[in-house]
Each structure stands twice: as C-alpha cells, then as structure tokens.
file input_10.cif (mmCIF, C-alpha atoms and all ligand atoms)
data_coords
loop_
_atom_site.label_atom_id
_atom_site.label_comp_id
_atom_site.auth_asym_id
_atom_site.auth_seq_id
_atom_site.Cartn_x
_atom_site.Cartn_y
_atom_site.Cartn_z
CA MET E 400 0.00 0.00 0.00
CA SER E 401 1.29 3.46 -0.88
CA PRO E 402 1.38 6.20 1.77
CA VAL E 403 -2.09 7.73 2.03
CA THR E 404 -3.13 10.19 4.66
CA THR E 405 -6.72 11.12 3.87
CA PHE E 406 -9.91 9.16 3.41
CA ALA E 407 -10.51 10.87 0.10
CA ALA E 408 -7.27 9.41 -1.28
CA LEU E 409 -8.11 5.82 -0.34
CA ARG E 410 -9.02 3.52 -3.16
CA THR E 411 -12.10 1.44 -2.47
CA PRO E 412 -13.28 -0.97 -1.36
CA ALA E 413 -10.94 -0.64 1.60
CA VAL E 414 -11.06 -2.35 4.96
CA LEU E 415 -10.71 0.10 7.83
CA ILE E 416 -9.87 -0.72 11.42
CA GLU E 417 -10.70 1.95 13.97
CA ARG E 418 -7.61 1.78 16.16
CA PRO E 419 -9.00 3.33 19.38
CA ARG E 420 -11.89 0.86 19.28
CA LEU E 421 -9.60 -2.08 18.63
CA ASP E 422 -7.55 -1.04 21.66
CA ALA E 423 -10.66 -0.55 23.79
CA ASN E 424 -12.07 -3.95 22.80
CA ILE E 425 -8.78 -5.65 23.69
CA ARG E 426 -8.62 -3.80 27.01
CA GLN E 427 -12.22 -4.46 27.99
CA MET E 428 -12.25 -8.21 27.29
CA GLN E 429 -8.93 -8.57 29.09
CA ALA E 430 -10.27 -6.65 32.08
CA ALA E 431 -13.39 -8.84 32.23
CA ALA E 432 -11.31 -12.04 32.10
CA THR E 433 -8.82 -10.79 34.67
CA ALA E 434 -11.64 -9.77 37.02
CA ALA E 435 -13.07 -13.30 36.72
CA GLY E 436 -9.68 -14.89 37.40
CA ILE E 437 -9.73 -16.51 33.94
CA ARG E 438 -6.78 -16.43 31.55
CA LEU E 439 -7.54 -14.88 28.16
CA ARG E 440 -6.31 -16.68 25.06
CA PRO E 441 -7.90 -14.85 22.12
CA HIS E 442 -8.66 -16.68 18.92
CA ALA E 443 -6.62 -14.99 16.19
CA LYS E 444 -8.99 -16.14 13.44
CA THR E 445 -10.63 -12.71 13.48
CA HIS E 446 -7.59 -10.49 12.89
CA LYS E 447 -5.02 -12.97 11.51
CA SER E 448 -2.39 -10.37 12.29
CA PRO E 449 0.68 -10.79 14.52
CA LEU E 450 0.54 -7.07 15.23
CA VAL E 451 -2.89 -7.41 16.86
CA ALA E 452 -1.85 -10.62 18.63
CA ARG E 453 1.07 -8.75 20.19
CA ARG E 454 -1.28 -6.03 21.42
CA GLN E 455 -3.51 -8.71 22.99
CA ILE E 456 -0.53 -10.32 24.72
CA GLU E 457 0.80 -6.96 25.91
CA ALA E 458 -2.65 -6.36 27.42
CA GLY E 459 -2.41 -9.62 29.39
CA ALA E 460 -3.39 -12.53 27.12
CA VAL E 461 -1.43 -15.73 27.81
CA GLY E 462 -1.16 -16.68 24.15
CA ILE E 463 -3.41 -17.08 21.16
CA CYS E 464 -5.50 -19.66 19.34
CA CYS E 465 -5.43 -20.42 15.65
CA ALA E 466 -7.66 -22.73 13.65
CA LYS E 467 -5.10 -23.92 11.15
CA LEU E 468 -1.43 -24.86 11.26
CA GLY E 469 -0.76 -22.42 8.41
CA GLU E 470 -1.93 -19.59 10.66
CA ALA E 471 0.09 -20.92 13.58
CA GLU E 472 3.19 -20.99 11.38
CA VAL E 473 2.77 -17.29 10.59
CA PHE E 474 2.25 -16.33 14.24
CA ALA E 475 5.11 -18.51 15.48
CA ALA E 476 7.45 -17.00 12.89
CA ALA E 477 6.41 -13.58 14.21
CA GLY E 478 7.45 -14.56 17.72
CA ILE E 479 4.14 -15.61 19.30
CA SER E 480 5.31 -18.42 21.53
CA ASP E 481 2.16 -20.04 22.97
CA ILE E 482 -0.42 -21.21 20.45
CA ARG E 483 -3.42 -23.46 20.91
CA LEU E 484 -5.34 -24.89 17.97
CA PRO E 485 -8.88 -25.72 19.06
CA TYR E 486 -9.18 -27.61 15.82
CA PRO E 487 -9.10 -31.39 15.22
CA LEU E 488 -5.65 -31.67 13.63
CA GLN E 489 -4.86 -34.86 11.79
CA PRO E 490 -1.65 -36.85 12.41
CA SER E 491 -0.67 -36.45 8.75
CA ASN E 492 0.47 -33.00 9.90
CA ALA E 493 2.92 -34.36 12.47
CA ASP E 494 5.93 -32.95 10.58
CA ARG E 495 4.52 -29.42 10.84
CA VAL E 496 3.63 -29.83 14.51
CA LEU E 497 7.15 -31.06 15.26
CA ALA E 498 8.65 -28.12 13.35
CA LEU E 499 6.43 -25.64 15.20
CA GLN E 500 7.35 -27.13 18.54
CA ARG E 501 10.89 -25.82 18.01
CA THR E 502 9.71 -22.22 18.32
CA ALA E 503 6.38 -22.29 20.14
CA ARG E 504 4.46 -24.16 22.77
CA LEU E 505 1.73 -25.78 20.71
CA SER E 506 -1.41 -27.64 21.71
CA PHE E 507 -4.45 -28.90 19.86
CA ILE E 508 -7.67 -30.83 20.37
CA VAL E 509 -8.65 -34.44 19.86
CA ASP E 510 -12.15 -35.88 19.86
CA ASP E 511 -11.55 -39.32 18.33
CA LEU E 512 -9.49 -42.16 19.76
CA ARG E 513 -8.30 -43.28 16.32
CA VAL E 514 -6.85 -39.83 15.76
CA ALA E 515 -5.40 -39.66 19.28
CA ARG E 516 -3.68 -43.00 18.72
CA GLY E 517 -2.34 -41.75 15.38
CA TRP E 518 -0.82 -38.73 17.15
CA SER E 519 0.56 -40.97 19.86
CA GLU E 520 2.36 -43.09 17.26
CA ALA E 521 3.65 -40.08 15.31
CA MET E 522 4.99 -38.42 18.44
CA GLN E 523 6.61 -41.57 19.76
CA ALA E 524 8.30 -42.14 16.39
CA ALA E 525 9.82 -38.66 16.69
CA ASN E 526 10.64 -39.10 20.37
CA ALA E 527 8.44 -36.10 21.05
CA ARG E 528 5.27 -35.26 22.94
CA ALA E 529 2.15 -33.35 21.94
CA GLU E 530 -0.04 -31.41 24.34
CA VAL E 531 -3.72 -32.13 23.66
CA LEU E 532 -7.08 -31.12 25.04
CA VAL E 533 -10.20 -33.19 24.57
CA LYS E 534 -12.94 -31.29 22.78
CA VAL E 535 -16.32 -31.58 24.47
CA ASP E 536 -19.58 -30.91 22.62
CA VAL E 537 -21.66 -28.55 24.78
CA GLY E 538 -24.51 -28.12 22.31
CA PHE E 539 -23.12 -26.79 19.03
CA HIS E 540 -22.95 -30.35 17.63
CA ARG E 541 -19.91 -29.69 15.47
CA CYS E 542 -16.79 -31.40 16.85
CA GLY E 543 -16.37 -32.89 20.28
CA ILE E 544 -17.16 -35.93 22.35
CA ALA E 545 -20.49 -36.21 24.16
CA ALA E 546 -20.23 -34.46 27.51
CA ALA E 547 -21.84 -37.17 29.66
CA PRO E 548 -19.18 -38.12 32.25
CA ALA E 549 -20.11 -41.81 31.95
CA THR E 550 -18.53 -41.90 28.47
CA ALA E 551 -16.36 -38.75 28.54
CA VAL E 552 -14.27 -39.76 31.57
CA PRO E 553 -13.25 -43.13 30.08
CA PHE E 554 -12.35 -41.28 26.86
CA LEU E 555 -10.18 -38.85 28.83
CA ARG E 556 -8.56 -41.76 30.65
CA GLU E 557 -7.64 -43.44 27.37
CA VAL E 558 -6.13 -40.26 25.94
CA ALA E 559 -4.22 -39.58 29.16
CA ALA E 560 -2.68 -43.05 28.96
CA LEU E 561 -1.37 -42.70 25.40
CA PRO E 562 2.41 -42.37 25.24
CA GLY E 563 3.63 -39.35 23.30
CA LEU E 564 0.64 -37.28 24.39
CA ARG E 565 0.07 -35.06 27.40
CA LEU E 566 -3.57 -34.49 28.27
CA ALA E 567 -3.78 -30.82 29.28
CA GLY E 568 -7.52 -30.67 29.87
CA ILE E 569 -10.91 -30.20 28.28
CA LEU E 570 -12.15 -27.58 25.83
CA SER E 571 -15.56 -26.39 24.64
CA HIS E 572 -16.93 -23.84 22.18
CA ALA E 573 -20.50 -22.62 22.54
CA GLY E 574 -20.97 -21.93 18.83
CA HIS E 575 -24.69 -22.59 19.19
CA ALA E 576 -24.87 -19.26 21.04
CA TYR E 577 -24.80 -17.62 17.60
CA HIS E 578 -28.28 -19.05 17.09
CA ALA E 579 -29.80 -17.91 20.38
CA HIS E 580 -33.25 -16.40 20.01
CA SER E 581 -33.07 -14.14 23.04
CA GLU E 582 -30.75 -12.67 25.63
CA GLU E 583 -32.17 -15.13 28.17
CA GLU E 584 -31.52 -18.11 25.94
CA LEU E 585 -27.95 -16.90 25.41
CA ARG E 586 -27.46 -16.54 29.16
CA GLY E 587 -28.84 -20.06 29.63
CA MET E 588 -26.40 -21.47 27.06
CA ALA E 589 -23.46 -19.86 28.87
CA GLU E 590 -24.59 -21.23 32.21
CA ALA E 591 -25.24 -24.70 30.76
CA GLU E 592 -21.75 -24.77 29.21
CA ARG E 593 -20.21 -23.82 32.54
CA ALA E 594 -22.20 -26.45 34.42
CA THR E 595 -21.38 -29.17 31.87
CA MET E 596 -17.66 -28.42 31.90
CA ALA E 597 -17.56 -28.07 35.69
CA GLN E 598 -19.20 -31.46 36.17
CA LEU E 599 -16.92 -33.20 33.71
CA ALA E 600 -13.79 -31.62 35.19
CA ARG E 601 -14.92 -32.58 38.70
CA GLU E 602 -15.63 -36.19 37.80
CA ALA E 603 -12.42 -36.59 35.79
CA ARG E 604 -10.34 -35.13 38.61
CA GLY E 605 -12.24 -37.34 41.05
CA GLU E 606 -10.95 -40.34 39.10
CA GLY E 607 -7.39 -39.12 39.41
CA LEU E 608 -7.01 -37.52 35.99
CA THR E 609 -5.05 -34.28 35.72
CA ILE E 610 -7.24 -31.62 34.15
CA ASP E 611 -5.14 -28.45 34.21
CA GLU E 612 -7.19 -26.60 31.64
CA VAL E 613 -10.92 -26.10 31.33
CA SER E 614 -11.04 -23.93 28.23
CA ALA E 615 -14.15 -22.26 26.79
CA GLY E 616 -14.63 -19.35 24.49
CA ALA E 617 -16.82 -17.47 22.06
CA THR E 618 -17.76 -13.82 21.85
CA PRO E 619 -21.61 -14.05 21.98
CA PRO E 620 -21.80 -15.63 25.47
CA ALA E 621 -18.62 -13.93 26.78
CA ARG E 622 -20.46 -11.40 28.93
CA PHE E 623 -22.25 -14.23 30.74
CA SER E 624 -19.49 -16.85 30.68
CA LEU E 625 -16.95 -14.52 32.26
CA ALA E 626 -19.46 -13.50 34.92
CA VAL E 627 -20.26 -17.09 35.96
CA GLY E 628 -17.17 -18.99 34.85
CA GLY E 629 -14.60 -18.08 37.51
CA GLY E 630 -13.63 -21.22 39.40
CA THR E 631 -14.61 -23.44 36.45
CA PHE E 632 -12.93 -22.07 33.35
CA THR E 633 -9.19 -21.64 33.45
CA GLU E 634 -9.12 -19.80 30.12
CA PHE E 635 -11.45 -18.10 27.66
CA ARG E 636 -10.89 -17.90 23.90
CA PRO E 637 -13.02 -15.20 22.27
CA GLY E 638 -12.01 -14.13 18.78
CA ASN E 639 -14.53 -11.81 17.23
CA TYR E 640 -14.48 -9.28 20.09
CA VAL E 641 -11.41 -7.47 18.75
CA TYR E 642 -13.50 -6.06 15.92
CA PHE E 643 -17.08 -7.08 16.71
CA ASP E 644 -19.58 -6.86 13.85
CA ARG E 645 -23.24 -6.65 12.97
CA THR E 646 -23.89 -10.22 14.12
CA MET E 647 -22.58 -9.32 17.57
CA MET E 648 -24.89 -6.31 17.56
CA GLY E 649 -27.75 -8.67 16.72
CA LEU E 650 -26.76 -10.89 19.65
CA GLY E 651 -26.51 -8.03 22.14
CA ALA E 652 -22.74 -8.48 22.51
CA ALA E 653 -21.81 -5.12 20.98
CA THR E 654 -23.13 -1.77 19.85
CA LEU E 655 -22.26 -0.03 16.61
CA ASP E 656 -19.77 2.07 18.58
CA ASP E 657 -17.86 -1.09 19.54
CA CYS E 658 -17.42 -2.21 15.93
CA ALA E 659 -13.82 -1.57 14.89
CA LEU E 660 -13.90 -2.99 11.36
CA SER E 661 -15.77 -1.46 8.46
CA VAL E 662 -15.50 -1.35 4.70
CA LEU E 663 -15.13 1.98 2.94
CA ALA E 664 -17.08 1.73 -0.30
CA THR E 665 -17.96 3.95 -3.23
CA VAL E 666 -21.27 4.26 -5.04
CA VAL E 667 -20.51 3.09 -8.57
CA SER E 668 -24.02 3.20 -9.98
CA ALA E 669 -27.38 4.72 -9.05
CA PRO E 670 -29.66 3.31 -11.72
CA ALA E 671 -32.99 4.01 -10.01
CA PRO E 672 -34.24 6.31 -7.25
CA ASP E 673 -34.65 3.33 -4.96
CA ARG E 674 -31.34 1.63 -5.77
CA VAL E 675 -27.61 2.32 -5.58
CA VAL E 676 -24.72 -0.04 -6.13
CA LEU E 677 -21.54 -0.07 -4.01
CA ASP E 678 -18.18 -1.45 -5.08
CA CYS E 679 -17.99 -3.93 -2.16
CA GLY E 680 -19.46 -7.28 -3.12
CA SER E 681 -19.15 -10.72 -1.58
CA LYS E 682 -15.41 -10.66 -2.31
CA THR E 683 -15.10 -7.87 0.23
CA LEU E 684 -18.06 -8.12 2.61
CA ALA E 685 -18.35 -11.92 2.41
CA ALA E 686 -21.83 -13.36 2.02
CA ASP E 687 -22.66 -14.24 5.63
CA GLY E 688 -26.26 -13.49 6.47
CA ALA E 689 -27.26 -11.43 9.48
CA ARG E 690 -27.73 -13.40 12.68
CA GLY E 691 -29.00 -12.55 16.11
CA PHE E 692 -32.27 -11.97 17.89
CA ALA E 693 -32.29 -8.22 17.23
CA GLY E 694 -33.80 -8.93 13.81
CA VAL E 695 -31.19 -7.27 11.58
CA THR E 696 -31.44 -7.91 7.86
CA GLY E 697 -29.23 -7.36 4.85
CA HIS E 698 -25.50 -7.65 4.39
CA GLY E 699 -24.24 -4.81 6.55
CA ALA E 700 -24.99 -1.58 8.37
CA VAL E 701 -24.40 1.44 6.15
CA LEU E 702 -22.91 4.55 7.78
CA ARG E 703 -22.99 7.86 5.97
CA GLU E 704 -20.53 9.59 8.29
CA LEU E 705 -17.11 8.48 7.09
CA THR E 706 -14.93 9.63 9.96
CA ALA E 707 -17.15 9.24 13.00
CA THR E 708 -15.60 7.57 16.02
CA ALA E 709 -18.55 7.34 18.37
CA GLY E 710 -22.28 7.93 18.46
CA GLN E 711 -22.66 6.82 14.87
CA HIS E 712 -25.88 5.49 13.37
CA ALA E 713 -26.61 3.10 10.59
CA ASP E 714 -28.68 4.78 7.92
CA PRO E 715 -32.09 3.05 8.19
CA HIS E 716 -32.86 4.07 4.61
CA LEU E 717 -30.02 2.03 3.10
CA ILE E 718 -30.43 -1.73 3.08
CA VAL E 719 -27.68 -3.88 1.56
CA GLU E 720 -30.10 -6.23 -0.05
CA ARG E 721 -27.99 -8.29 -2.41
CA LEU E 722 -24.34 -9.09 -3.04
CA SER E 723 -22.70 -10.10 -6.27
CA GLU E 724 -18.97 -10.69 -6.28
CA GLU E 725 -18.05 -7.05 -6.86
CA HIS E 726 -21.39 -5.28 -6.33
CA ALA E 727 -23.50 -4.54 -3.28
CA THR E 728 -27.02 -3.68 -4.32
CA VAL E 729 -28.52 -1.27 -1.82
CA ARG E 730 -32.24 -0.55 -1.52
CA VAL E 731 -32.84 3.14 -0.86
CA THR E 732 -36.09 3.79 0.98
CA PRO E 733 -37.99 7.11 0.94
CA GLY E 734 -36.46 9.82 3.08
CA ALA E 735 -32.84 8.90 2.33
CA ARG E 736 -30.27 11.66 1.89
CA PRO E 737 -29.34 11.72 -1.80
CA LEU E 738 -26.56 9.34 -2.80
CA GLY E 739 -24.95 9.24 -6.24
CA PRO E 740 -21.94 7.90 -8.11
CA GLY E 741 -18.69 8.81 -6.40
CA ASP E 742 -20.24 9.19 -2.96
CA ARG E 743 -18.75 7.07 -0.23
CA VAL E 744 -20.15 5.18 2.72
CA ARG E 745 -18.85 2.84 5.38
CA VAL E 746 -20.35 -0.61 5.80
CA VAL E 747 -20.10 -2.56 9.04
CA PRO E 748 -20.22 -6.18 7.84
CA ASN E 749 -22.25 -9.02 9.28
CA HIS E 750 -19.12 -11.06 9.99
CA ALA E 751 -15.79 -9.29 10.49
CA CYS E 752 -13.60 -12.43 10.64
CA VAL E 753 -14.27 -13.40 7.03
CA VAL E 754 -13.74 -9.84 5.82
CA SER E 755 -10.22 -9.67 7.21
CA ASN E 756 -9.49 -13.01 5.56
CA LEU E 757 -10.17 -11.40 2.17
CA VAL E 758 -7.54 -8.65 2.15
CA ASP E 759 -3.77 -8.59 2.56
CA SER E 760 -3.90 -5.50 4.73
CA ALA E 761 -6.30 -3.02 6.28
CA TRP E 762 -6.02 0.68 7.04
CA LEU E 763 -5.74 1.67 10.67
CA VAL E 764 -7.77 4.81 11.24
CA ASP E 765 -8.41 7.11 14.15
CA GLY E 766 -11.46 9.24 13.40
CA PRO E 767 -10.55 11.30 10.33
CA GLU E 768 -6.88 10.26 10.42
CA ILE E 769 -5.28 7.34 8.64
CA VAL E 770 -2.66 6.24 11.13
CA GLY E 771 -1.15 3.12 9.61
CA VAL E 772 -1.41 -0.11 7.73
CA LEU E 773 -2.32 -3.38 9.38
CA PRO E 774 -0.78 -6.34 7.54
CA ILE E 775 -3.00 -9.44 7.73
CA ASP E 776 -0.15 -11.90 7.38
CA ALA E 777 -2.07 -15.08 8.21
CA ARG E 778 -4.98 -14.43 5.89
CA GLY E 779 -5.78 -17.23 3.50
CA ARG E 780 -3.70 -19.75 5.49
CA ILE E 781 -6.43 -22.33 5.34
CA GLN E 782 -4.27 -25.45 5.48
C1 LIG Y 801 -13.12 -23.61 18.70
C2 LIG Y 801 -13.31 -22.12 18.74
N1 LIG Y 801 -12.96 -21.44 19.83
C3 LIG Y 801 -13.12 -20.10 19.91
C4 LIG Y 801 -13.69 -19.39 18.86
C5 LIG Y 801 -13.90 -17.90 18.98
O1 LIG Y 801 -15.27 -17.58 18.86
P1 LIG Y 801 -15.78 -16.11 18.56
O2 LIG Y 801 -15.25 -15.70 17.25
O3 LIG Y 801 -17.25 -16.19 18.65
O4 LIG Y 801 -15.24 -15.24 19.63
C6 LIG Y 801 -14.08 -20.08 17.71
C7 LIG Y 801 -14.68 -19.39 16.58
O5 LIG Y 801 -14.99 -19.90 15.54
C8 LIG Y 801 -13.88 -21.48 17.65
O6 LIG Y 801 -14.23 -22.19 16.56
#
call {"tool": "encode", "arguments": {"input": "input_10.cif", "output": "structure tokens"}}
result
Amino acid sequence: MSPVTTFAALRTPAVLIERPRLDANIRQMQAAATAAGIRLRPHAKTHKSPLVARRQIEAGAVGICCAKLGEAEVFAAAGISDIRLPYPLQPSNADRVLALQRTARLSFIVDDLRVARGWSEAMQAANARAEVLVKVDVGFHRCGIAAAPATAVPFLREVAALPGLRLAGILSHAGHAYHAHSEEELRGMAEAERATMAQLAREARGEGLTIDEVSAGATPPARFSLAVGGGTFTEFRPGNYVYFDRTMMGLGAATLDDCALSVLATVVSAPAPDRVVLDCGSKTLAADGARGFAGVTGHGAVLRELTATAGQHADPHLIVERLSEEHATVRVTPGARPLGPGDRVRVVPNHACVVSNLVDSAWLVDGPEIVGVLPIDARGRIQ
C-alpha cells in the first residue's frame, strides 16, 4: 500500500480498522477475564495479524488460538510463543507440529481415539510429545465428544494413557450461542456450558485424571461466561471481540460504537431512485447473512458519516439487499439523503472475521486520520 493520509485518497473498497476501538475492545475483554480470574487466550482467526496478537498479549493474554497450522506458522514466525489450535488436527500434519514445537508451545484438540492413537504413534516415532485437550460438545454439535461423564471420563482416561501425548484438559466452544433467540436463551447457554464443563472436570479429577485446563470461548456468550465462569474455566478464547460486527450487535454483545472494522465503499451506480450499487461485493463483505435476535437484515450496516468515532448510526434508509462478487445492491427507501456515483459510505459487515481473511492489509484509522497499515499476514492460510 502506498502512503495515504486522507480518506478521500483511499481507493475502495478498503477495509478500515478503527484503532482506538480495537484497543478498547482488547482492554475491555482482558479486564473482564482478569476480574473473573480466567486467563484470556484470544482466537486470532478474526484479525489474523501478529501485530494485533502482540497487542492482545501486551494487554495480558497468555497466548493465542489459531484454527489452522498455516496460521500458527505465521504467528510462530512472528514470535508468538504459545499457540493453541482448538481444531481437530490430523496426524498427517505431524511434521509441521514437530517443526512448530521448536519455536512455540503448541497444543491442539482431539475428539476421536483413532486420531489420538495416530498422534501418539507419530509423536513416539519422533521421540516427542504433543499437548492435547479433549474437545467436548456442549450443544453446538460440530466437533467434540459427548459431555456425559459416563462416556467422557473413560475417553479422557484413554487419551491420558497414550504415550507421546500429554492431556492438558478439556475444551468447549458454545458456537450454538450464535443461534440464540433471546438474551435469556444466550445466558442459559453460557450457564449450561459452565455447568457441563464443571461437572466433567470434577468427575475426571475425582478419578485421578489431571485436568489443568478447562477452556471455553466465544464472543456471543462472553459477557455471561466470564461473569459465571470463575472457578470453572481456566481460560477463555473469544475471537470476534477485537473487531465485533453486525452479528454481535444482533446478539446483544456489541453496539455499533464497539465495531472496529468497516468497509469503505464507493457508489458506482445509481440506476434508479430506490437503488444504488456499491463497489464492495461478496469478495469484500463476504456473504454471511445477518444473525441474532435483534432482527437485523441485509449484508451490513451502512454509515454515511465516514470519519465518525462514536455515536454513529446506521442509515435506516439504506439496506444492503444483495451481493454479487463485486457489487453490493442497496435498496434506498424514501427519506434517504441523496446518494450518487462517487459518494462514499462505510459498511459494518455481518461477519468481520471473514472480511479480514479477504484482504492482505487493512487501514488503521483514528477518526478522520489514517494512522497506519495493518498487515493481515495469516490471511488465506487455510491449510
Ligand atoms: C473452537 C473455537 N474457539 C473459539 C472461537 C472464537 O469464537 P468467537 O469468534 O465467537 O469469539 C471459535 C470461533 O470460531 C472457535 O471455533
């Protein structure tokens, strides 16, 4: 990116990160975790940037999470030395795990004994040891073993006994919280996750197993999980909170003022009084639909004020109704301030994590000032 100092000089679509908000989000989540006596280990999937990871660690995080080894390789090369992958890695990647272990403390999850045995063999063959956590399904029904202690404790015992592995603990992710229909339901999901993990940890420890870590983490239930989780959870792994987004607004986890990431876009066509087209399509905004019980619709919140830092409002007259790859078709309802070709807006996307995966770098802004470039070094590292 060439040196640019004003919004007007930015080419669009451009991803903007509001630096004071990023800093505030990092500070506030860290403060909530610290107050609860829970270590914070943010998931780096949202920012994919060593620069942001360093800010999180400077603020008190004990390390980071990544989903993929390719991301972990970028962060380890940048000096991040404690990385957890809450992702079911396959033993075919043993060479990469062994290489990463030279520069970082690495851990990952298992939820299948065949896979755990494969890791055990691979680690023994290399005269090495892998730190693993057992993933527990607390209701999302993606990965993870069933939480019932009657079957989960024997599973933990088998993993703990495998040579070449060290069982560090148990790990959950309340991804179903994204589908909560109300604040109360969300609160209930957080409490149920805590109770499930507390019971399993208690019973496993009661049978003599060492469970050092009880790890949970997601941004939607964070406000409840951190309030009730002290004494159960040893660490929390939220990712999205660094930027927040429209989904988090829909789930009551953030306001528009908390959202640090937006897309600066230009009107490239205004073919009808009730329609304008922006230059940010699904290749910039990503196609994720709006989620949350607040009933938001469309593909993003459109802001007319380009340089606002706080107290901003989404324009209710502009609805991002449809995305093509390079076009966002916006319905303009009566009462809208006129908008024509060349005009610019900011769009807060439904899902910030996928937006930062789509660009090599973002602009760091502070109100009207462009204060730097944020390289997104781990973007696209999907293997
Ligand atoms: C296993 C796991 N842990 C933590 C997170 C972070 O969740 P969020 O982005 O809601 O904060 C994710 C997100 O996908 C995840 O998959």
call {"tool": "residues_around", "arguments": {"input": "input_10.cif", "residues": "E:Leu566", "least_positions_apart": "4", "cutoff": "7 Å", "atoms": "only C-alpha atoms", "output": "compact mmCIF listing (two decimals) with C-alpha atoms, keeping the file's coordinate frame"}}
result
# COMPACT_ATOMS: atom_id res chain seq x y z
CA GLU E 530 -0.04 -31.41 24.34
CA VAL E 531 -3.72 -32.13 23.66
CA LEU E 532 -7.08 -31.12 25.04
CA VAL E 558 -6.13 -40.26 25.94
CA ALA E 559 -4.22 -39.58 29.16
call {"tool": "closest_atom_pairs", "arguments": {"input": "input_10.cif", "of": "chain E", "to": "ligand LIG 801 (chain Y)", "cutoff": "9 Å", "atoms": "all atoms listed in the file", "output": "Markdown table"}}
result
| residue | atom | partner | partner_atom | distance |
| --- | --- | --- | --- | --- |
| E:Pro441 | CA | Y:LIG801 | C5 | 7.4 |
| E:His442 | CA | Y:LIG801 | C5 | 5.4 |
| E:Ala443 | CA | Y:LIG801 | C5 | 8.3 |
| E:Lys444 | CA | Y:LIG801 | C7 | 7.3 |
| E:Thr445 | CA | Y:LIG801 | O2 | 6.7 |
| E:Cys464 | CA | Y:LIG801 | C3 | 7.7 |
| E:Cys465 | CA | Y:LIG801 | C2 | 8.6 |
| E:Ala466 | CA | Y:LIG801 | O6 | 7.2 |
| E:Leu484 | CA | Y:LIG801 | C1 | 7.9 |
| E:Pro485 | CA | Y:LIG801 | C1 | 4.7 |
| E:Tyr486 | CA | Y:LIG801 | C1 | 6.3 |
| E:Lys534 | CA | Y:LIG801 | C1 | 8.7 |
| E:Cys542 | CA | Y:LIG801 | C1 | 8.8 |
| E:Leu570 | CA | Y:LIG801 | C1 | 8.2 |
| E:Ser571 | CA | Y:LIG801 | C1 | 7.0 |
| E:His572 | CA | Y:LIG801 | C1 | 5.2 |
| E:Ala573 | CA | Y:LIG801 | N1 | 8.1 |
| E:Gly574 | CA | Y:LIG801 | O3 | 6.8 |
| E:Ala576 | CA | Y:LIG801 | O3 | 8.6 |
| E:Tyr577 | CA | Y:LIG801 | O3 | 7.8 |
| E:Ser614 | CA | Y:LIG801 | N1 | 9.0 |
| E:Ala615 | CA | Y:LIG801 | N1 | 7.1 |
| E:Gly616 | CA | Y:LIG801 | C3 | 4.9 |
| E:Ala617 | CA | Y:LIG801 | O1 | 3.6 |
| E:Thr618 | CA | Y:LIG801 | O4 | 3.6 |
| E:Pro619 | CA | Y:LIG801 | O3 | 5.9 |
| E:Pro620 | CA | Y:LIG801 | O3 | 8.2 |
| E:Ala621 | CA | Y:LIG801 | O4 | 8.0 |
| E:Phe635 | CA | Y:LIG801 | C3 | 8.2 |
| E:Arg636 | CA | Y:LIG801 | C3 | 5.1 |
| E:Pro637 | CA | Y:LIG801 | O4 | 3.4 |
| E:Gly638 | CA | Y:LIG801 | O4 | 3.5 |
| E:Asn639 | CA | Y:LIG801 | O2 | 4.0 |
| E:Tyr640 | CA | Y:LIG801 | O4 | 6.0 |
| E:Val641 | CA | Y:LIG801 | O4 | 8.7 |
| E:Phe643 | CA | Y:LIG801 | O2 | 8.8 |
| E:Met647 | CA | Y:LIG801 | O3 | 8.8 |
| E:Cys752 | CA | Y:LIG801 | O2 | 7.6 |
call {"tool": "closest_residue", "arguments": {"input": "input_10.cif", "among": "E:Asp776, E:Asp611, E:Glu557, E:Glu584", "to": "E:Leu650", "atoms": "all atoms listed in the file"}}
result
E:Glu584
call {"tool": "residues_near_point", "arguments": {"input": "input_10.cif", "point": "(2.5, -30.9, 20.2)", "cutoff": "10 Å", "atoms": "all atoms listed in the file", "output": "MDAnalysis selection string"}}
result
chainID E and resid 483 493 495:500 503:507 518 522 527:531 563:565
call {"tool": "closest_residue", "arguments": {"input": "input_10.cif", "among": "E:Leu608, E:Ala664, E:Ile456, E:Ala547", "to": "E:Arg410", "atoms": "only C-alpha atoms"}}
result
E:Ala664
call {"tool": "residues_near_point", "arguments": {"input": "input_10.cif", "point": "(-19.2, 1.0, 18.5)", "cutoff": "9 Å", "atoms": "all atoms listed in the file", "output": "PDB file with C-alpha atoms, in the coordinates of the input"}}
result
ATOM      1  CA  ARG E 420     -11.890   0.860  19.280  1.00  0.00           C
ATOM      2  CA  PHE E 643     -17.080  -7.080  16.710  1.00  0.00           C
ATOM      3  CA  ALA E 653     -21.810  -5.120  20.980  1.00  0.00           C
ATOM      4  CA  THR E 654     -23.130  -1.770  19.850  1.00  0.00           C
ATOM      5  CA  LEU E 655     -22.260  -0.030  16.610  1.00  0.00           C
ATOM      6  CA  ASP E 656     -19.770   2.070  18.580  1.00  0.00           C
ATOM      7  CA  ASP E 657     -17.860  -1.090  19.540  1.00  0.00           C
ATOM      8  CA  CYS E 658     -17.420  -2.210  15.930  1.00  0.00           C
ATOM      9  CA  ALA E 659     -13.820  -1.570  14.890  1.00  0.00           C
ATOM     10  CA  THR E 708     -15.600   7.570  16.020  1.00  0.00           C
ATOM     11  CA  ALA E 709     -18.550   7.340  18.370  1.00  0.00           C
ATOM     12  CA  GLY E 710     -22.280   7.930  18.460  1.00  0.00           C
ATOM     13  CA  GLN E 711     -22.660   6.820  14.870  1.00  0.00           C
TER      14      GLN E 711
END
call {"tool": "residues_around", "arguments": {"input": "input_10.cif", "residues": "E:Val461", "least_positions_apart": "5", "cutoff": "7 Å", "atoms": "only C-alpha atoms", "output": "list in words"}}
result
Arg438, Leu439, Arg440 and Ile456 of chain E
call {"tool": "closest_residue", "arguments": {"input": "input_10.cif", "among": "E:Pro672, E:Gly587, E:Pro774, E:Gly680", "to": "E:Thr732", "atoms": "only C-alpha atoms"}}
result
E:Pro672
call {"tool": "residues_around", "arguments": {"input": "input_10.cif", "residues": "E:Leu705", "least_positions_apart": "6", "cutoff": "9 Å", "atoms": "only C-alpha atoms", "output": "list in words"}}
result
Phe406, Leu663, Arg743, Val744, Arg745, Gly766 and Pro767 of chain E
